[in-house]
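Structure, as structure tokens:
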Amino acid sequence: MKQRLVFPRQKLGLICVGAISRPQILLQSFLLFTFLLSPIVASAADITQQLHRPLNSSVGRQSRDEADSLLSIGEKQYASGYADKTITSCLRALELYHSIGDLKAQGLTYNLLAKAYVQLGSLKEAEDALRRGLAIARDTKDFQSQVFVLNNLGTFFLQQGEFAAASNFVEDALTIAHHVKNIEGEGLSLSNLGLVTARLGDYNKAIKLYENALIFRRQTGDAIGEANTLNNLGDAYLASGNYQDTIGSYGTAMQIAKTNRDRTNELRAIDGLVTAHTAVGRYERAFDLLEQRLAIAKELQNLREELKSFESYAQLYKQQGNYLTARNFYERAIILARTLEDSKQEVQLLDQLTKMLQRK
């Protein structure tokens, strides 16, 4: 669903504004959450500070400076939607960190690398990066990092539909977090167990897990984690058809995220609200929210989020039967997909557009 390791506090997601099915909602819930939470904050400046170590030689200092710069550049590239460039930066940074023997820095880099691989759909490489990060955390007896990497592995296997493996990783994380009294880790692990439970269709149990997770997250004053769990809670209410509580959960998440300038969770909450309002025919409110979404994406200069906004506009206009306007937004989304060199997304959008035109 935030670093700290790099995963924690970020979330990007698609809006589903057509007919709502449980698998769609749950998949959306997972994808929005994947690799969003970890122990270290993900700003370039913070990463540089975290990785700084006094070195004995000027050569070592030069290597560190270059590696830190590459990792910071990789973060910016990932945030801008350029996962392939992120991978190039991370691999070079790993070589340098390995040459100076900095295991912690390697662990941070593997986390970012895994996120980039997931975005590109390179799942085997993503799993390898995650497991390498976990091995480093265990070698250095870094229990906090173990908690967060285990959670990331759990969400990774959840994406693959391997529920037993996902549950085992998250439960291991919860055990370690409880043992070392890591309240932040307990909140994250409970929230992730809620995700696993929701994917299995037990929404009532998932809701209880999310509510328990909120207790821990509020104890630590973790506004980003709280907004993430509220978004998860909104997903569960939406899947169970409880639109009143759905809108309440997403609405609270949106306000918390907006107050803390947590754009990732704000966008995710807007996505959920668009889905909920569309489901009950409140199209005017859905369009207002999409306008806010697009404004945020432009403010962030995030082309991938702009693309998602255009796609959501297209889907909403299509649902209303306004195919001319829907086509316009599909075409704008396709242009951005080409700009991002995301051929997979481009093909999907072209397929959606073609099917819509055939149904006219």
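Residue names in the structure tokens use chain letters A, B, ... in the order shown, residue numbers from 1 in each chain, and ligand numbers from 1 in the order shown.
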Kindly assemble as JSON lines a list of the region 272-323 of chain A residues that lie within 7 Å of region 75-86 of chain A, each paired with its nearest atom pair and their distance in Å to one decimal, using only C-alpha atoms, sorted first by chain and then by ascending residue number.
```
{"residue": "A:Asn302", "atom": "CA", "partner": "A:Ser80", "partner_atom": "CA", "distance": 5.3}
{"residue": "A:Leu303", "atom": "CA", "partner": "A:Ser80", "partner_atom": "CA", "distance": 6.7}
{"residue": "A:Arg304", "atom": "CA", "partner": "A:Gly81", "partner_atom": "CA", "distance": 5.7}
```
Output all heavy atoms for every residue in the selection just made, as an mmCIF file, in the first residue's frame.
```
data_model
loop_
_atom_site.group_PDB
_atom_site.id
_atom_site.type_symbol
_atom_site.label_atom_id
_atom_site.label_comp_id
_atom_site.auth_asym_id
_atom_site.auth_seq_id
_atom_site.Cartn_x
_atom_site.Cartn_y
_atom_site.Cartn_z
ATOM 1 N N ASN A 302 3.695 13.850 -13.356
ATOM 2 C CA ASN A 302 3.772 12.397 -13.432
ATOM 3 C C ASN A 302 2.935 11.922 -14.624
ATOM 4 O O ASN A 302 1.704 11.872 -14.561
ATOM 5 C CB ASN A 302 3.259 11.772 -12.128
ATOM 6 C CG ASN A 302 3.507 10.280 -12.047
ATOM 7 O OD1 ASN A 302 3.303 9.559 -13.015
ATOM 8 N ND2 ASN A 302 3.946 9.814 -10.897
ATOM 9 N N LEU A 303 3.616 11.600 -15.704
ATOM 10 C CA LEU A 303 2.921 11.218 -16.923
ATOM 11 C C LEU A 303 2.100 9.939 -16.757
ATOM 12 O O LEU A 303 1.030 9.792 -17.344
ATOM 13 C CB LEU A 303 3.926 11.037 -18.062
ATOM 14 C CG LEU A 303 4.675 12.293 -18.504
ATOM 15 C CD1 LEU A 303 5.600 11.963 -19.676
ATOM 16 C CD2 LEU A 303 3.711 13.405 -18.895
ATOM 17 N N ARG A 304 2.603 9.016 -15.944
ATOM 18 C CA ARG A 304 1.868 7.757 -15.760
ATOM 19 C C ARG A 304 0.540 8.011 -15.058
ATOM 20 O O ARG A 304 -0.481 7.404 -15.386
ATOM 21 C CB ARG A 304 2.710 6.742 -14.980
ATOM 22 C CG ARG A 304 2.098 5.346 -14.978
ATOM 23 C CD ARG A 304 3.102 4.309 -14.518
ATOM 24 N NE ARG A 304 4.201 4.177 -15.449
ATOM 25 C CZ ARG A 304 4.149 3.458 -16.562
ATOM 26 N NH1 ARG A 304 3.036 2.824 -16.903
ATOM 27 N NH2 ARG A 304 5.210 3.380 -17.350
#
```
Closest pair table for region 244-287 of chain A residues within 12 Å of region 202-213 of chain A, only C-alpha atoms, as JSON lines:
```
{"residue": "A:Asp245", "atom": "CA", "partner": "A:Ile207", "partner_atom": "CA", "distance": 11.0}
{"residue": "A:Thr246", "atom": "CA", "partner": "A:Ile207", "partner_atom": "CA", "distance": 11.3}
{"residue": "A:Ser249", "atom": "CA", "partner": "A:Glu211", "partner_atom": "CA", "distance": 11.1}
```
Using only C-alpha atoms, what does the table of region 119-206 of chain A residues within 7 Å of region 217-235 of chain A look like, with each row giving the shortest atom pair and its distance in Å to one decimal, sorted by chain and ascending number, as a Markdown table?
```
| residue | atom | partner | partner_atom | distance |
| --- | --- | --- | --- | --- |
| A:Glu184 | CA | A:Arg217 | CA | 6.3 |
| A:Gly187 | CA | A:Arg217 | CA | 5.5 |
| A:Ser191 | CA | A:Thr229 | CA | 6.1 |
```
For this session: Would you kindly return, as a PyMOL selection string, each protein, DNA or RNA residue with an atom no farther than 10 Å from any atom of Gln255 (chain A), considering only C-alpha atoms and excluding same-chain residues fewer than 3 positions away?
Result: chain A and resi 227+250-252+258-262+265-266+269
Exercise. Which is closer to Ile73 (chain A) than all the others in A:Arg92, A:Arg359, A:Arg338, A:Arg268, using only C-alpha atoms?
Worked result: A:Arg92
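With only C-alpha atoms as the atoms that count, the minimum distance from Leu120 (chain A) to the choices A:Lys181, A:Gly107, A:Ile87, A:Leu200 is reached by A:Ile87.
With only C-alpha atoms as the atoms that count, the minimum distance from Phe163 (chain A) to the choices A:Gln319, A:Thr197, A:Ser312, A:Gln348 is reached by A:Thr197.
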Exercise. What is the distance between CA of Tyr110 (chain A) and CA of Ala129 (chain A), in Å to one decimal?
Worked result: 5.2 Å
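Counting from CA of Ala93 (chain A), the distance to CA of Asp128 (chain A) is 16.9 Å.
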For this session: Please measure the separation of CA of Leu91 (chain A) and CA of Lys124 (chain A), giving the value in Å to one decimal.
Result: 15.9 Å
For this session: Determine, counting only C-alpha atoms, which protein, DNA and RNA residues have an atom within 12 Å of an atom of Lys355 (chain A); residues of the same chain fewer than 5 positions away are not included. Present the result as a ChimeraX atom specification.
Result: /A:318,323,327,330,348-350,360
